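Presented below is the structure to which this report refers.
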Amino acid sequence: MPGRGTGTRWATRSERPVRDVPLLALLLLALGLAAQVSWHAWRPGPTARAEALAEPPAGAVLRVASLGDPVALARALMLWLQAFDNQPGLSIPFRELDYGRVRAWLGRVLDLDPRGQYPLLAASRLYGEVPVPEKQRVMLDFVHERFLADPDRRWPWLAHAAIVARHRLQDLPLALKYARAITERATGPSVPPWARDMTVLVLEEMGELEAARVLVGGLLESGRLQDPHEARFLDGKLRELEAKSVEKSSDPTRK
Amino acid sequence: MTAARQVRAIAGLTLLEALRGSLLWLVALILLAGLGLAELLGALAITETRQTQAAILGAVLRLAAVLVTSLFVITSVVREQNDKVLELYLSLPLPRAAYYLGKLAGFAACAGVAAALLGALLLVYAPPVQVLLWTLSLFAELLVVVAASLLALFTFSQVTVALSVVLAFYFLARGMGAIQLMSQGPLVDPGALSSRVIAGLVDGIAFLLPDLYRFTPSEWLAYGTGSVADLGPVLAQTAVYVTLLAGAALFDLYRKNF
């Protein structure tokens, strides 16, 4: 039987022993292996090069590429984009990314998977955290734009954007714009009172007492308030604003 | 032996060949790789982790199932042809239709086993009801792939060509929904003759393809939006298209000289 008692452990029932291989073939194998190892040792190793973020393809092209499963492609693209700052051998700070393109990619991902919250979390909590005001504004604007398409589900990200605008960018008018958008558009039952009432607080901070008072009065009379705690809070806030208004009008030197 | 018993016998042999061969090992390998991939995705995602894992894993498992199934069907029948087993079958008092239907049923059973095993992994990442709907839809998708593979092989008789044709058919069928939308999109001038011709051509091709883009969506796994009502059109399309492919395959098979 082939391979039995021949001393060659490499032979099996379906294979011949090694000694049947011509010497030239063995030399060729050894030479090839030596050449490959030598070549690899001689060549310089790979160098890390930052690859710029490319423009995303058109949405229609991505839909075709998704092969009828846009949600899966959206998730994969989101992970790829999120990891873009971590390329092989180096790390790119977010501040060096082209935020116009980041916004475009996030938009494409959201178009493929409108139910997903990942792009908006990335925009507000990841890319929006970079301490470059211009880039932060790009992300906040993106969140605001996309909030308008689905306010009842996307309000958390705009609430965070309002907080960033208020405390990081020190831009109260921008914070007011975002807070007002939540108050006016996010009317679903899952929107908590504190998000709905942010406008009041921002107006008060801006010294717009009259506008805040009108807003609170409107909310109380609208019938939208289901939570008695919220009603109590706003009622108390209304009295406070009225007292401040009286104080301000009686002392014109005070702002 | 009645035709039904002949079909059952051939189906049983086909299933036995699959279970005793490398198909189950391959599925096990896919499951292991899928599990690793899902855990890696879970480590990368910073939010909606389960949805991300379920969606991407579902898409990967679906593609792997299609590749493995079509490859298994094509190579199995080619091996039978090369080993003259097919000629042995046809030399028996066995209608060619019984041979075909037996093979179709046997490979369908293999597809069912593969779909069930792959769906089982998704139970870790998605709700059971959604996984069940997704698995049934995957089985329907694999049925279409099995029928298409048999037709491609009877027509072309070579592994490479048949596999290429099946994959091209599959990717075109899955992408056809988006292609139709592109041909009718807002950037297209509806009045231009070229646009009308292209749109007509695309729609004509779409008429001849199954709407696989509605099958086995990852959305069911990620958002739990699947329902029994969604399966109805899927199963109906499967029945229609498998009938069409079976008719074409029998047309080819009866005309072939062995």
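Chain labels run A, B, ... following the order of the structure tokens; each chain numbers its residues from 1, and ligands are numbered from 1 in the order shown.
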Considering only C-alpha atoms, return as a list of chain:residue names whatever protein or nucleic-acid residues lie within 12 Å of Ser22 of chain B, sequence-local ones (same chain, fewer than 4 positions apart) excluded.
-> B:Leu16, B:Glu17, B:Ala18, B:Leu26, B:Val27, B:Ala28, B:Leu29, B:Val68, B:Thr69, B:Leu71, B:Phe72, B:Ser76, B:Cys110
Taking C-alpha atoms for each residue, export the selection above as a compact mmCIF listing (two decimals), in the first residue's frame.
```txt
# COMPACT_ATOMS: atom_id res chain seq x y z
CA LEU B 16 -28.14 12.96 2.30
CA GLU B 17 -25.25 13.96 0.04
CA ALA B 18 -25.39 17.50 1.43
CA LEU B 26 -19.25 25.29 5.65
CA VAL B 27 -22.38 26.57 7.38
CA ALA B 28 -20.67 26.04 10.74
CA LEU B 29 -17.70 28.06 9.52
CA VAL B 68 -22.90 28.68 -0.55
CA THR B 69 -26.25 27.43 -1.83
CA LEU B 71 -22.11 26.92 -5.36
CA PHE B 72 -23.29 23.70 -3.75
CA SER B 76 -23.14 18.92 -7.08
CA CYS B 110 -30.69 21.79 2.04
```
With a cut-off of 7 Å and counting only C-alpha atoms, select all residues of chain A in contact with chain B and give the selection as JSON, numbers by chain.
-> {"A": [60, 63, 64, 67, 68, 69, 71, 72, 75, 76, 79, 118]}
Enumerate, in order of chain and increasing residue number, the residues of segment 170-212 of chain A with an atom no farther than 12 Å from segment 122-141 of chain A, each with its shortest atom pair and distance in Å to one decimal, counting only C-alpha atoms, as CSV.
```
residue,atom,partner,partner_atom,distance
A:Gln170,CA,A:Pro133,CA,10.2
A:Asp171,CA,A:Arg137,CA,10.4
A:Leu174,CA,A:Arg137,CA,9.6
A:Ala175,CA,A:Leu140,CA,10.1
A:Lys177,CA,A:Asp141,CA,10.8
A:Tyr178,CA,A:Leu140,CA,9.2
```
Residues near Leu94 of chain B, cut-off 10 Å, only C-alpha atoms, skip fewer than 5 positions along chain, as a PyMOL selection string | chain B and resi 1-3+6-7+89+99
Name the residues of segment 162-199 of chain A that come out as helix (DSSP H, G or I) in a backbone DSSP run; write them as a list in words.
->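 Listing helix (DSSP H, G or I) positions across segment 162-199 of chain A yields Ala162, Ile163, Val164, Ala165, Arg166, His167, Leu172, Pro173, Leu174, Ala175, Leu176, Lys177, Tyr178, Ala179, Arg180, Ala181, Ile182, Thr183, Glu184, Arg185, Pro193, Trp194, Ala195, Arg196, Met198 and Thr199 of chain A.
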Written file, previous selection with C-alpha atoms, as a compact mmCIF listing (two decimals), in the first residue's frame:
```
# COMPACT_ATOMS: atom_id res chain seq x y z
CA ALA A 162 -29.20 73.80 22.01
CA ILE A 163 -27.10 73.11 25.10
CA VAL A 164 -23.87 73.18 23.07
CA ALA A 165 -24.96 76.46 21.44
CA ARG A 166 -25.79 77.96 24.82
CA HIS A 167 -22.81 76.83 26.86
CA LEU A 172 -27.95 82.42 22.84
CA PRO A 173 -29.86 83.35 19.65
CA LEU A 174 -28.78 80.02 18.12
CA ALA A 175 -29.73 78.16 21.30
CA LEU A 176 -33.10 79.91 21.21
CA LYS A 177 -33.64 78.90 17.58
CA TYR A 178 -33.05 75.24 18.43
CA ALA A 179 -35.05 75.32 21.67
CA ARG A 180 -37.95 77.02 19.92
CA ALA A 181 -37.89 74.39 17.17
CA ILE A 182 -38.31 71.68 19.82
CA THR A 183 -41.13 73.54 21.56
CA GLU A 184 -43.03 74.13 18.34
CA ARG A 185 -42.43 70.89 16.48
CA PRO A 193 -41.32 68.57 29.69
CA TRP A 194 -37.77 69.79 30.21
CA ALA A 195 -37.07 69.66 26.46
CA ARG A 196 -40.30 71.44 25.63
CA MET A 198 -36.03 74.91 27.21
CA THR A 199 -37.23 77.92 25.21
```
What are the closest atom pairs, with distances in Å to one decimal, for all residues of segment 139-203 of chain B lying within 12 Å of segment 238-250 of chain B? Consider only C-alpha atoms, order rows by chain and residue number, and present the result as a tab-separated table.
```
residue	atom	partner	partner_atom	distance
B:Phe139	CA	B:Thr238	CA	9.8
B:Ala140	CA	B:Thr238	CA	6.0
B:Glu141	CA	B:Thr238	CA	7.3
B:Leu142	CA	B:Thr238	CA	9.5
B:Leu143	CA	B:Val242	CA	7.3
B:Val144	CA	B:Val242	CA	5.8
B:Val145	CA	B:Val242	CA	9.0
B:Val146	CA	B:Val242	CA	8.9
B:Ala147	CA	B:Leu245	CA	6.0
B:Ala148	CA	B:Leu245	CA	6.3
B:Ser149	CA	B:Leu245	CA	9.5
B:Leu150	CA	B:Ala249	CA	7.0
B:Leu151	CA	B:Ala249	CA	4.7
B:Ala152	CA	B:Ala249	CA	8.2
B:Leu153	CA	B:Ala249	CA	9.0
B:Phe154	CA	B:Ala249	CA	6.8
B:Thr155	CA	B:Ala249	CA	7.9
B:Phe156	CA	B:Ala249	CA	11.4
B:Ala173	CA	B:Tyr241	CA	11.8
```
Would you work out the distance separating atom CA of Leu241 of chain A from atom CA of His229 of chain A, expressed in Å to one decimal?
->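 A separation of 18.1 Å between them.
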Gap from atom CA of Leu101 of chain B to atom CA of Val161 of chain B - Å, one decimal = 22.9 Å
